[in-house]
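**Student:** My structure file model_8.txt, compact mmCIF, C-alpha atoms, is below:
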# COMPACT_ATOMS: atom_id res chain seq x y z
CA MET I 863 0.00 0.00 0.00
CA SER I 864 1.83 3.07 -1.16
CA ARG I 865 1.06 6.29 0.57
CA ASP I 866 1.18 9.78 -0.78
CA PRO I 867 4.71 11.19 -0.69
CA LEU I 868 3.27 14.40 0.65
CA VAL I 869 2.03 12.49 3.66
CA VAL I 870 5.18 10.50 4.12
CA GLY I 871 7.30 13.60 3.83
CA ASN I 872 5.06 15.29 6.38
CA VAL I 873 4.09 18.11 4.08
CA ILE I 874 0.52 17.16 4.80
CA GLY I 875 0.57 17.70 8.49
CA ASP I 876 3.10 20.44 8.84
CA ILE I 877 1.73 22.80 6.24
CA LEU I 878 -1.39 21.42 4.66
CA ASP I 879 -4.39 19.40 5.59
CA PRO I 880 -5.27 16.36 3.55
CA PHE I 881 -6.80 17.27 0.23
CA VAL I 882 -7.93 15.64 -2.95
CA LYS I 883 -5.74 16.33 -5.90
CA SER I 884 -7.78 17.85 -8.69
CA ALA I 885 -5.19 19.44 -10.90
CA THR I 886 -1.80 18.56 -12.30
CA LEU I 887 1.04 20.75 -11.23
CA ARG I 888 4.36 20.55 -13.00
CA VAL I 889 7.34 22.54 -11.82
CA LEU I 890 10.30 22.75 -14.14
CA TYR I 891 13.69 24.11 -13.20
CA ASN I 892 15.93 24.47 -16.23
CA ASN I 893 13.48 22.41 -18.21
CA LYS I 894 13.76 19.51 -15.85
CA GLU I 895 10.63 18.46 -14.06
CA VAL I 896 10.79 18.25 -10.30
CA THR I 897 9.98 14.83 -8.92
CA ASN I 898 8.17 14.91 -5.62
CA GLY I 899 10.61 14.45 -2.79
CA SER I 900 13.70 14.70 -4.93
CA GLU I 901 16.72 16.76 -3.98
CA LEU I 902 17.87 19.84 -5.80
CA LYS I 903 20.92 21.99 -5.22
CA PRO I 904 20.58 25.68 -4.50
CA SER I 905 22.45 26.40 -7.71
CA ALA I 906 19.74 24.60 -9.66
CA VAL I 907 16.90 26.59 -8.13
CA VAL I 908 18.36 30.05 -8.30
CA ASN I 909 15.86 31.27 -10.85
CA GLU I 910 12.14 30.87 -10.75
CA PRO I 911 10.82 27.71 -12.32
CA ARG I 912 8.34 27.24 -15.06
CA VAL I 913 5.03 26.16 -13.67
CA GLU I 914 2.50 24.27 -15.78
CA ILE I 915 -1.01 23.69 -14.58
CA GLN I 916 -3.48 21.28 -16.04
CA GLY I 917 -6.87 21.38 -14.49
CA ARG I 918 -10.42 21.08 -15.59
CA GLY I 919 -9.83 22.99 -18.76
CA THR I 920 -12.11 25.79 -17.79
CA ARG I 921 -11.23 29.40 -17.44
CA THR I 922 -10.13 29.13 -13.85
CA LEU I 923 -7.38 31.08 -12.22
CA TYR I 924 -4.89 29.67 -9.80
CA THR I 925 -2.75 30.88 -6.96
CA LEU I 926 0.67 29.42 -6.34
CA VAL I 927 2.49 29.56 -3.02
CA MET I 928 6.05 28.42 -2.42
CA VAL I 929 7.14 28.01 1.18
CA ASP I 930 9.97 26.54 3.18
CA PRO I 931 8.60 24.93 6.34
CA ASP I 932 12.04 24.12 7.69
CA ALA I 933 13.40 27.59 8.21
CA PRO I 934 15.92 28.18 9.72
CA SER I 935 16.59 24.49 10.28
CA PRO I 936 14.38 21.38 10.27
CA SER I 937 15.19 20.55 13.86
CA ASN I 938 14.34 24.06 14.94
CA PRO I 939 11.74 25.50 12.55
CA THR I 940 11.09 28.71 14.44
CA LYS I 941 10.51 30.67 11.24
CA ARG I 942 8.13 28.19 9.68
CA GLU I 943 7.09 28.87 6.97
CA HIS I 944 9.38 31.05 4.94
CA LEU I 945 7.58 32.44 1.94
CA HIS I 946 9.61 32.21 -1.22
CA TRP I 947 7.09 33.01 -3.94
CA LEU I 948 3.48 34.04 -4.29
CA VAL I 949 1.74 34.34 -7.65
CA THR I 950 -1.96 34.79 -8.23
CA ASP I 951 -4.34 34.87 -11.17
CA ILE I 952 -2.45 32.26 -13.14
CA PRO I 953 -4.59 31.09 -16.02
CA GLU I 954 -4.67 27.43 -16.81
CA THR I 955 -2.20 25.99 -19.35
CA ALA I 956 -0.08 29.05 -18.90
CA ASN I 957 3.10 29.75 -17.12
CA ALA I 958 3.24 31.39 -13.73
CA SER I 959 4.80 34.38 -15.37
CA CYS I 960 1.39 35.13 -16.82
CA GLY I 961 0.03 35.64 -13.37
CA ASN I 962 0.36 38.33 -10.79
CA GLU I 963 3.58 38.05 -8.85
CA ILE I 964 2.64 39.31 -5.41
CA VAL I 965 5.86 38.20 -3.71
CA SER I 966 8.86 37.82 -5.95
CA TYR I 967 10.79 34.59 -6.20
CA GLU I 968 13.52 34.23 -3.61
CA SER I 969 16.15 31.58 -4.27
CA PRO I 970 16.31 29.00 -1.53
CA ARG I 971 19.56 29.20 0.37
CA PRO I 972 19.37 26.79 3.28
CA THR I 973 22.22 27.09 5.73
CA ALA I 974 21.42 24.35 8.20
CA GLY I 975 19.81 21.02 7.60
CA ILE I 976 17.85 19.70 4.67
CA HIS I 977 14.85 21.86 3.91
CA ARG I 978 11.66 21.00 2.13
CA LEU I 979 10.50 23.49 -0.44
CA VAL I 980 6.78 23.13 -1.08
CA PHE I 981 4.67 24.42 -3.95
CA VAL I 982 0.97 24.65 -3.18
CA LEU I 983 -1.64 25.36 -5.81
CA PHE I 984 -5.03 26.83 -5.04
CA ARG I 985 -7.94 27.32 -7.37
CA GLN I 986 -9.41 30.77 -7.29
CA SER I 987 -13.13 31.11 -7.61
CA VAL I 988 -12.86 34.69 -8.72
CA ARG I 989 -10.14 37.05 -9.74
CA GLN I 990 -9.21 38.54 -6.44
CA THR I 991 -6.72 40.93 -5.02
CA ILE I 992 -4.30 39.32 -2.69
CA TYR I 993 -2.03 41.46 -0.58
CA ALA I 994 1.55 40.60 0.11
CA PRO I 995 2.35 39.86 3.72
CA GLY I 996 4.60 42.29 5.55
CA TRP I 997 7.45 39.80 5.74
CA ARG I 998 8.39 36.42 4.38
CA GLN I 999 8.94 34.46 7.53
CA ASN I 1000 6.36 32.82 9.73
CA PHE I 1001 3.94 32.63 6.86
CA ASN I 1002 1.05 30.28 7.38
CA THR I 1003 -0.43 28.67 4.31
CA ARG I 1004 -3.51 27.44 6.09
CA ASP I 1005 -4.33 30.89 7.42
CA PHE I 1006 -3.57 32.43 4.08
CA ALA I 1007 -6.01 30.12 2.33
CA ALA I 1008 -8.65 30.77 4.94
CA LEU I 1009 -8.16 34.51 4.72
CA TYR I 1010 -8.70 34.63 0.99
CA ASN I 1011 -11.34 31.92 0.81
CA LEU I 1012 -9.25 29.72 -1.36
CA ASP I 1013 -10.71 26.33 -0.35
CA ASP I 1014 -8.51 23.30 -0.15
CA PRO I 1015 -5.41 23.14 -2.31
CA VAL I 1016 -5.76 21.34 -5.60
CA ALA I 1017 -2.16 20.23 -6.00
CA ALA I 1018 1.14 20.29 -4.18
CA ILE I 1019 4.67 19.24 -4.89
CA TYR I 1020 7.85 19.49 -2.89
CA PHE I 1021 11.57 18.96 -3.17
CA ASN I 1022 14.49 18.90 -0.74
CA CYS I 1023 17.32 21.36 -0.69
CA GLN I 1024 20.46 21.65 1.37
CA ARG I 1025 23.64 23.64 1.22
CA GLU I 1026 25.49 23.55 -2.03
CA ASN I 1027 28.38 21.43 -0.85
CA GLY I 1028 26.30 19.08 1.18
CA CYS I 1029 27.01 18.69 4.86
CA GLY I 1030 23.74 20.44 5.44
CA GLY I 1031 22.57 17.66 7.65
CA ARG I 1032 25.65 17.39 9.77
CA ARG I 1033 26.93 19.83 12.31
CA TYR I 1034 29.90 19.64 14.64
CA LEU I 1035 27.68 19.82 17.71
CA MET O 857 52.18 -1.73 7.62
CA TRP O 858 50.40 -4.10 9.90
CA PRO O 859 52.52 -7.19 9.31
CA HIS O 860 55.43 -5.07 10.48
CA GLU O 861 53.71 -4.34 13.75
CA GLN O 862 52.72 -7.90 14.22
CA ARG O 863 56.27 -9.08 13.82
CA ASP O 864 57.52 -6.40 16.19
CA ARG O 865 54.98 -7.22 18.80
CA HIS O 866 55.64 -10.88 18.46
CA HIS O 867 59.32 -10.24 19.07
CA LYS O 868 58.58 -8.11 22.08
CA GLY O 869 56.07 -10.52 23.46
CA VAL O 870 58.27 -13.55 23.16
CA SER O 871 61.53 -12.12 24.47
CA SER O 872 61.42 -11.36 28.14
CA SER O 873 64.01 -8.65 27.81
CA SER O 874 62.73 -5.63 26.06
CA SER O 875 65.84 -5.11 23.99
CA SER O 876 65.05 -5.74 20.39
CA SER O 877 67.43 -5.05 17.59
CA ARG O 878 64.90 -3.21 15.46
CA CYS O 879 63.44 -1.01 18.15
CA SER O 880 64.80 2.28 19.36
CA PRO O 881 65.98 2.52 22.99
CA SER O 882 62.80 4.30 24.05
CA SER O 883 60.86 1.07 23.82
CA SER O 884 63.01 -0.60 26.42
CA VAL O 885 61.60 1.73 29.07
CA LEU O 886 58.10 0.30 28.83
CA PRO O 887 57.29 -3.03 30.50
CA GLN O 888 56.56 -6.12 28.47
CA THR O 889 53.54 -7.84 29.95
CA PRO O 890 51.13 -4.90 29.90
CA LYS O 891 52.03 -4.37 26.25
CA ARG O 892 51.07 -7.91 25.37
CA ARG O 893 47.74 -7.69 27.07
CA THR O 894 46.79 -4.33 25.66
CA MET O 895 47.93 -5.41 22.23
CA GLU O 896 45.18 -7.96 22.08
CA GLU O 897 42.71 -5.40 23.19
CA LEU O 898 44.09 -3.11 20.58
CA TRP O 899 43.57 -5.65 17.85
CA LYS O 900 40.09 -6.24 19.15
CA ASP O 901 39.52 -2.54 19.01
CA ILE O 902 40.78 -2.39 15.45
CA SER O 903 38.65 -5.26 14.27
CA LEU O 904 35.62 -3.88 15.99
CA ASN O 905 36.18 -0.48 14.48
CA ALA O 906 36.84 -1.90 11.06
CA SER O 907 33.90 -4.23 10.59
CA PRO O 908 30.66 -2.31 10.99
CA PRO O 909 30.33 0.65 8.66
CA PRO O 910 28.99 3.79 10.25
CA PRO O 911 25.35 4.51 9.37
CA LEU O 912 25.87 7.55 7.23
CA ASP O 913 23.06 9.38 5.59
CA TYR O 914 23.29 9.89 1.92
CA HIS O 915 24.06 13.53 2.38
CA ARG O 916 26.96 12.75 4.61
CA LEU O 917 28.74 10.57 2.15
CA GLN O 918 31.01 13.27 0.92
CA ALA O 919 31.86 14.35 4.45
CA ASP O 920 34.95 13.02 6.13
CA SER O 921 33.56 9.79 7.41
CA SER O 922 36.87 8.67 8.80
CA LEU O 923 36.66 11.44 11.34
CA HIS O 924 33.07 10.92 12.28
CA SER O 925 32.92 7.26 12.98
CA PRO O 926 35.03 7.35 16.10
CA SER O 927 33.26 10.45 17.36
CA MET O 928 30.00 8.67 16.85
CA VAL O 929 31.30 5.75 18.79
CA LEU O 930 32.22 8.02 21.65
CA GLN O 931 28.92 9.85 21.47
CA ASP O 932 27.05 6.61 21.46
CA PHE O 933 28.99 5.63 24.49
CA LEU O 934 28.40 8.97 26.14
CA ALA O 935 24.70 8.90 25.37
CA GLY O 936 24.19 6.59 28.27
CA PRO O 937 22.63 3.22 28.88
CA LEU O 938 19.49 4.01 26.89
CA ASN O 939 21.35 4.10 23.65
CA GLN O 940 22.53 0.87 22.11
CA PRO O 941 26.09 1.42 21.02
CA LEU O 942 26.67 0.05 17.61
CA TYR O 943 30.26 -0.94 17.79
CA GLN O 944 31.19 -2.33 21.13
CA PRO O 945 29.74 -2.83 24.59
CA GLN O 946 30.31 0.06 26.91
CA ALA O 947 32.47 -1.88 29.32
CA ALA O 948 34.87 -2.73 26.57
CA ALA O 949 34.77 0.83 25.37
CA LYS O 950 35.76 2.09 28.79
CA GLU O 951 38.62 -0.35 28.92
CA LEU O 952 39.81 0.42 25.48
CA LEU O 953 39.91 4.14 25.83
CA PRO O 954 42.88 4.50 28.16
CA PRO O 955 45.04 1.66 26.79
CA PRO O 956 45.37 2.98 23.23
CA LEU O 957 46.96 6.06 24.66
CA GLN O 958 49.59 3.94 26.36
CA THR O 959 50.15 1.67 23.43
CA ALA O 960 50.38 4.69 21.21
CA LEU O 961 53.77 5.35 22.67
CA SER O 962 54.88 1.77 22.36
CA LEU O 963 53.76 1.50 18.77
CA ASN O 964 55.60 4.56 17.73
CA SER O 965 58.89 3.14 18.88
CA GLY O 966 58.38 0.05 16.79
CA LEU O 967 57.27 1.87 13.71
CA GLU O 968 59.69 4.69 13.99
CA PHE O 969 62.12 3.38 11.46
CA GLN O 970 59.53 2.40 8.92
CA PHE O 971 57.61 5.61 9.11
CA LEU O 972 60.52 7.92 9.53
CA GLY O 973 59.94 9.59 6.24
CA GLU O 974 56.25 10.06 6.67
CA ALA O 975 56.61 10.89 10.33
CA ASP O 976 58.37 14.09 9.43
CA GLN O 977 55.36 15.18 7.46
CA ALA O 978 53.06 14.08 10.21
CA ASN O 979 55.11 16.07 12.67
CA THR O 980 54.29 19.26 10.88
CA GLN O 981 50.63 18.38 10.91
CA SER O 982 50.21 18.13 14.65
CA ASN O 983 52.41 18.30 17.68
CA SER O 984 51.87 14.72 18.73
CA SER O 985 53.13 12.87 15.72
CA SER O 986 53.23 9.58 17.54
CA ASN O 987 49.60 9.80 18.32
CA ASN O 988 48.95 10.78 14.77
CA ILE O 989 50.49 7.67 13.32
CA ASN O 990 49.25 5.35 15.96
CA GLY O 991 45.88 6.93 15.95
CA ASN O 992 45.60 5.33 12.58
CA VAL O 993 45.96 2.01 14.22
CA ALA O 994 44.63 2.62 17.67
CA ASN O 995 41.47 4.58 17.34
CA GLY O 996 41.24 5.35 13.68
CA SER O 997 40.36 8.96 14.22
CA PHE O 998 43.50 10.34 12.59
CA THR O 999 44.92 9.50 9.26
CA SER O 1000 48.44 10.73 9.16
CA TYR O 1001 48.40 11.13 5.39
CA ASP O 1002 45.03 12.72 5.13
CA PHE O 1003 45.86 16.37 4.88
CA SER O 1004 42.84 17.12 2.76
CA VAL O 1005 40.53 16.95 5.73
CA GLY O 1006 39.72 20.49 6.75
CA PRO O 1007 39.64 20.76 10.53
CA PRO O 1008 41.19 17.62 11.93
CA SER O 1009 42.47 19.35 15.02
CA PRO O 1010 39.11 20.59 16.31
CA ALA O 1011 37.59 17.22 15.73
CA ALA O 1012 40.61 15.60 17.33
CA LEU O 1013 40.38 17.92 20.28
CA PHE O 1014 36.70 17.19 20.48
CA SER O 1015 37.26 13.48 20.64
CA PHE O 1016 39.99 14.01 23.20
CA CYS O 1017 37.77 16.25 25.28
CA SER O 1018 34.92 13.81 25.15
CA ARG O 1019 37.32 11.08 26.17
CA LYS O 1020 38.18 13.08 29.28
CA ARG O 1021 34.53 13.74 29.88
CA SER O 1022 33.72 10.09 29.65
CA THR O 1023 35.89 9.23 32.58
CA THR O 1024 34.32 11.95 34.77
CA GLU O 1025 30.64 11.64 33.98
CA SER O 1026 29.37 12.76 37.33
CA HIS O 1027 28.63 16.24 35.96
CA PRO O 1028 24.85 16.70 36.26
CA GLY O 1029 24.35 18.66 33.06
CA ALA O 1030 26.01 16.04 30.94
CA ALA O 1031 23.13 13.60 31.15
CA ASP O 1032 20.61 16.21 30.05
CA ARG O 1033 22.79 17.26 27.18
CA HIS O 1034 23.16 13.67 26.09
CA GLN O 1035 19.45 13.12 26.33
CA LYS O 1036 18.73 16.19 24.28
CA ARG O 1037 21.27 15.23 21.72
CA MET O 1038 19.86 11.76 21.52
CA ILE O 1039 16.36 13.05 21.03
CA LYS O 1040 17.52 15.45 18.36
CA ASN O 1041 19.36 12.68 16.65
CA ARG O 1042 16.31 10.48 16.74
CA GLU O 1043 14.20 13.18 15.19
CA SER O 1044 16.77 13.79 12.54
CA ALA O 1045 16.93 10.11 11.80
CA ALA O 1046 13.15 9.94 11.56
CA ARG O 1047 13.14 12.87 9.15
CA SER O 1048 15.77 11.22 7.08
CA ARG O 1049 13.79 8.01 6.90
CA ALA O 1050 10.65 9.91 5.99
CA ARG O 1051 12.50 11.72 3.25
CA LYS O 1052 13.83 8.54 1.82
CA GLN O 1053 10.49 6.79 2.00
CA ALA O 1054 8.65 9.70 0.42
CA TYR O 1055 10.99 9.69 -2.54
CA THR O 1056 10.71 5.96 -2.92
CA THR O 1057 6.94 5.92 -2.90
CA GLU O 1058 6.88 8.77 -5.38
CA LEU O 1059 9.16 6.89 -7.73
CA GLU O 1060 7.08 3.75 -7.37
CA SER O 1061 3.87 5.54 -8.19
CA GLU O 1062 5.54 7.22 -11.13
CA ILE O 1063 6.74 3.85 -12.35
CA SER O 1064 3.30 2.32 -12.23
CA HIS O 1065 1.83 5.37 -13.92
CA LEU O 1066 4.38 5.23 -16.69
CA GLN O 1067 3.91 1.52 -17.13
CA GLU O 1068 0.19 1.99 -17.57
CA GLU O 1069 0.73 4.77 -20.03
CA ASN O 1070 3.25 2.71 -21.89
CA ALA O 1071 0.91 -0.25 -22.16
CA LYS O 1072 -1.90 1.99 -23.32
CA LEU O 1073 0.23 3.64 -25.94
CA LYS O 1074 1.53 0.33 -27.18
CA LYS O 1075 -1.98 -0.95 -27.60
CA GLN O 1076 -2.95 2.18 -29.42
CA ASN O 1077 0.04 1.84 -31.63
CA GLU O 1078 -0.82 -1.74 -32.43
CA LEU O 1079 -4.36 -0.86 -33.33
CA LEU O 1080 -3.20 1.88 -35.57
CA MET O 1081 -0.74 -0.40 -37.31
CA ARG O 1082 -3.39 -3.03 -37.89
CA SER O 1083 -5.89 -0.58 -39.25
CA GLN O 1084 -3.25 0.72 -41.58
CA VAL O 1085 -2.56 -2.67 -43.07
CA ALA O 1086 -6.25 -3.44 -43.59
CA VAL O 1087 -6.73 -0.46 -45.82
CA PRO O 1088 -5.21 -1.20 -49.23
CA LYS O 1089 -2.17 0.82 -49.89
CA SER O 1090 -2.77 3.41 -52.48
CA SER O 1091 0.13 2.96 -54.83
CA LEU O 1092 1.10 5.41 -57.44
CA ARG O 1093 -0.46 4.82 -60.84
CA ARG O 1094 -0.13 6.59 -64.06
CA SER O 1095 -3.25 8.40 -65.00
CA SER O 1096 -2.49 11.00 -67.59
CA THR O 1097 1.03 10.41 -68.81
CA ALA O 1098 2.05 8.13 -71.61
CA PRO O 1099 4.12 5.06 -70.76
CA PHE O 1100 7.27 5.76 -72.78
Would you write out, as structure tokens, the structure that this file holds?

**Tutor:**
Amino acid sequence: MSRDPLVVGNVIGDILDPFVKSATLRVLYNNKEVTNGSELKPSAVVNEPRVEIQGRGTRTLYTLVMVDPDAPSPSNPTKREHLHWLVTDIPETANASCGNEIVSYESPRPTAGIHRLVFVLFRQSVRQTIYAPGWRQNFNTRDFAALYNLDDPVAAIYFNCQRENGCGGRRYL
Amino acid sequence: MWPHEQRDRHHKGVSSSSSSSRCSPSSSVLPQTPKRRTMEELWKDISLNASPPPPLDYHRLQADSSLHSPSMVLQDFLAGPLNQPLYQPQAAAKELLPPPLQTALSLNSGLEFQFLGEADQANTQSNSSSNNINGNVANGSFTSYDFSVGPPSPAALFSFCSRKRSTTESHPGAADRHQKRMIKNRESAARSRARKQAYTTELESEISHLQEENAKLKKQNELLMRSQVAVPKSSLRRSSTAPF
């Protein structure tokens, strides 16, 4: 019985509640698709990825959130979640660049530990104005979704990232 | 390297007098019988250290594992009775910790001639060259030729400090620290396992998905090929040109 990687990796639990996937989310860094739970180097994720959404085929708009729940370190996530990217009004079968970038893309640069970087996709019922939070840290995806009436997420994907030269998981006490 | 030691030790063990033609005079100062006993323990220590590989995470593979395994041994030992040490029982660990320091001196005398050339290099590396060379044998935490490792001295000091701490464990804060560290380590290990499992399940589901798609496409392909053959091929025929 295989479980959802999002559950196994604790994304559902730490950041999201269980949801039913109703759209396909593809995230491509340098034209390479991100596999759920894979590991990427900071050098590979410096620039914003291409995001492809396949949903019901209707004229719906989507909101994309990218957060790091393991800031500053997974054993001590006091700044959970760190907001890396927030784009709204993304039309279907279009790139995220067609949407409204509320919070610009910040390259992940984990210093301690192995961080999860999570993309969450919400379906917007209407074209709405979403305001950027005052700061990136201590963002809460659940509260954000509740605040803007975004319903449950429709898709999510995550990857792992640690310091460029490795050793992100090991400290000398 | 090791056959040399074995021969040396055999010589020393057999002859009651400590004078051996190959050894430098400094070896004659040390007594014989304790050397023989600790030698066996030393070999036990070496074999115990050599056999089980340390449980490194994938992200730690490029790190200097040779440094970490002995520190992990010590930390396991220091973690207290709750932790199951991976390499050796704690009683043996306690015994083994002081003797290698003694035998370090004895080993150096035997190996001095062989390693004279390299010893000079090792001397520049750290002040205790004897420990450096014999550490290779005794506790494996130093590699005298491994200059590429960044901070060997802090790690070496750390292992030395923890060795001292191990003998005087009556400090009340030490137990708490060990507990905390153990808990943190457990959590980290659990996260690591979850990470690995998540990736594996994702790959498995992707595999099954791709297999289905592949089967579907193959069937489609077959159908298309068959339908193509059924329809008679329209070959080229002259219609308005003369056949000459």

**Student:** Go through chain O residue by residue and, counting only C-alpha atoms, keep those with an atom at most 6 Å from chain I; for each kept residue give the shortest atom pair and its distance in Å to one decimal, ordered by chain and increasing number, as a tab-separated table.

**Tutor:**
residue	atom	partner	partner_atom	distance
O:Arg916	CA	I:Cys1029	CA	5.9
O:Ala1050	CA	I:Gly871	CA	5.4
O:Arg1051	CA	I:Gly871	CA	5.6
O:Ala1054	CA	I:Pro867	CA	4.4
O:Tyr1055	CA	I:Gly899	CA	4.8
O:Glu1058	CA	I:Pro867	CA	5.7

**Student:** Deliver the residues from the most recent selection as a file, using C-alpha atoms, as a compact mmCIF listing (two decimals), in the frame of the given file.

**Tutor:**
# COMPACT_ATOMS: atom_id res chain seq x y z
CA ARG O 916 26.96 12.75 4.61
CA ALA O 1050 10.65 9.91 5.99
CA ARG O 1051 12.50 11.72 3.25
CA ALA O 1054 8.65 9.70 0.42
CA TYR O 1055 10.99 9.69 -2.54
CA GLU O 1058 6.88 8.77 -5.38

**Student:** Considering all atoms listed in the file, state which residue in the set I:Lys883, I:Lys903, I:Arg998, I:Arg888 is at the smallest distance from I:Asp930.

**Tutor:**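 Smallest separation from I:Asp930 among the options: I:Arg998.
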
**Student:** How many Å separate atom CA of I:Leu878 from atom CA of I:Ala1007?

**Tutor:**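 For atom CA of I:Leu878 relative to atom CA of I:Ala1007, the distance reads 10.1 Å.
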
**Student:** Please return, as an MDAnalysis selection string, all polymer residues that have at least one atom within 8 Å of the point (13.8, 26.6, 7.8); use all atoms listed in the file and the file's own coordinate frame.

**Tutor:** chainID I and resid 930:936 938:944 972 974 977

**Student:** Tell me which protein, DNA and RNA residues are within 12 Å of I:Leu1009, counting all atoms listed in the file, leaving out same-chain ones fewer than 4 positions away, and put them as a PyMOL selection string.

**Tutor:** chain I and resi 990-993+995+1002-1005+1013

**Student:** Measuring atom to atom with all atoms listed in the file, identify which of I:Thr955, I:Thr886, I:Gln916, I:Thr922 is nearest to I:Gln986.

**Tutor:**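 The answer is I:Thr922, which sits nearest to I:Gln986.
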
**Student:** Can you work out the spacing between atom CA of O:Arg1049 and atom CA of I:Leu902 in Å, to one decimal?

**Tutor:** 17.8 Å

**Student:** Atom CA of I:Arg1025 to atom CA of I:Phe1001: how many Å, to one decimal?

**Tutor:**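 Those two atoms sit 22.4 Å apart.
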
**Student:** Find the residues near I:Val908: any atom within 12 Å, counting only C-alpha atoms, skip ones fewer than 5 places away on the same chain, and give them as a list in words.

**Tutor:**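 After dropping sequence-adjacent residues, the list is Tyr891, Asn892, Leu902, Lys903, His946, Tyr967, Glu968, Ser969, Pro970, Arg971, Cys1023 and Glu1026 of chain I.
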
**Student:** Got a sec: who's within 12 Å of I:Lys894, counting only C-alpha atoms, leaving out chain neighbours fewer than 4 positions off, as a ChimeraX atom specification?

**Tutor:** /I:888-890,900,902,906-907,911-913

**Student:** Using the block above, I'd like stretch 911-916 of chain I written out, keeping all heavy atoms and formatting it as an mmCIF file, in the first residue's frame.

**Tutor:**
data_model
loop_
_atom_site.group_PDB
_atom_site.id
_atom_site.type_symbol
_atom_site.label_atom_id
_atom_site.label_comp_id
_atom_site.auth_asym_id
_atom_site.auth_seq_id
_atom_site.Cartn_x
_atom_site.Cartn_y
_atom_site.Cartn_z
ATOM 1 N N PRO I 911 11.093 28.812 -11.402
ATOM 2 C CA PRO I 911 10.823 27.711 -12.319
ATOM 3 C C PRO I 911 9.662 28.029 -13.229
ATOM 4 O O PRO I 911 8.928 28.996 -13.024
ATOM 5 C CB PRO I 911 10.448 26.568 -11.369
ATOM 6 C CG PRO I 911 9.793 27.262 -10.225
ATOM 7 C CD PRO I 911 10.482 28.591 -10.082
ATOM 8 N N ARG I 912 9.517 27.154 -14.226
ATOM 9 C CA ARG I 912 8.340 27.244 -15.059
ATOM 10 C C ARG I 912 7.280 26.355 -14.437
ATOM 11 O O ARG I 912 7.558 25.240 -14.012
ATOM 12 C CB ARG I 912 8.681 26.756 -16.470
ATOM 13 C CG ARG I 912 7.969 27.583 -17.535
ATOM 14 C CD ARG I 912 8.352 27.191 -18.924
ATOM 15 N NE ARG I 912 7.609 26.028 -19.337
ATOM 16 C CZ ARG I 912 8.139 25.035 -20.040
ATOM 17 N NH1 ARG I 912 9.375 25.083 -20.382
ATOM 18 N NH2 ARG I 912 7.403 24.022 -20.395
ATOM 19 N N VAL I 913 6.099 26.885 -14.355
ATOM 20 C CA VAL I 913 5.034 26.160 -13.671
ATOM 21 C C VAL I 913 3.919 25.884 -14.674
ATOM 22 O O VAL I 913 3.408 26.808 -15.295
ATOM 23 C CB VAL I 913 4.486 26.991 -12.491
ATOM 24 C CG1 VAL I 913 3.305 26.315 -11.854
ATOM 25 C CG2 VAL I 913 5.580 27.200 -11.464
ATOM 26 N N GLU I 914 3.562 24.618 -14.843
ATOM 27 C CA GLU I 914 2.496 24.271 -15.783
ATOM 28 C C GLU I 914 1.348 23.653 -15.021
ATOM 29 O O GLU I 914 1.542 22.734 -14.222
ATOM 30 C CB GLU I 914 3.030 23.283 -16.820
ATOM 31 C CG GLU I 914 4.024 23.921 -17.776
ATOM 32 C CD GLU I 914 4.592 22.906 -18.751
ATOM 33 O OE1 GLU I 914 4.168 21.746 -18.730
ATOM 34 O OE2 GLU I 914 5.465 23.304 -19.522
ATOM 35 N N ILE I 915 0.173 24.155 -15.307
ATOM 36 C CA ILE I 915 -1.010 23.694 -14.580
ATOM 37 C C ILE I 915 -1.977 23.076 -15.577
ATOM 38 O O ILE I 915 -2.275 23.664 -16.618
ATOM 39 C CB ILE I 915 -1.694 24.872 -13.862
ATOM 40 C CG1 ILE I 915 -0.686 25.551 -12.928
ATOM 41 C CG2 ILE I 915 -2.897 24.403 -13.085
ATOM 42 C CD1 ILE I 915 -1.150 26.859 -12.406
ATOM 43 N N GLN I 916 -2.444 21.909 -15.217
ATOM 44 C CA GLN I 916 -3.480 21.279 -16.037
ATOM 45 C C GLN I 916 -4.644 20.952 -15.126
ATOM 46 O O GLN I 916 -4.521 20.139 -14.208
ATOM 47 C CB GLN I 916 -2.957 19.994 -16.658
ATOM 48 C CG GLN I 916 -2.218 20.203 -17.931
ATOM 49 C CD GLN I 916 -1.460 18.957 -18.324
ATOM 50 O OE1 GLN I 916 -1.333 18.031 -17.539
ATOM 51 N NE2 GLN I 916 -0.957 18.936 -19.523
#
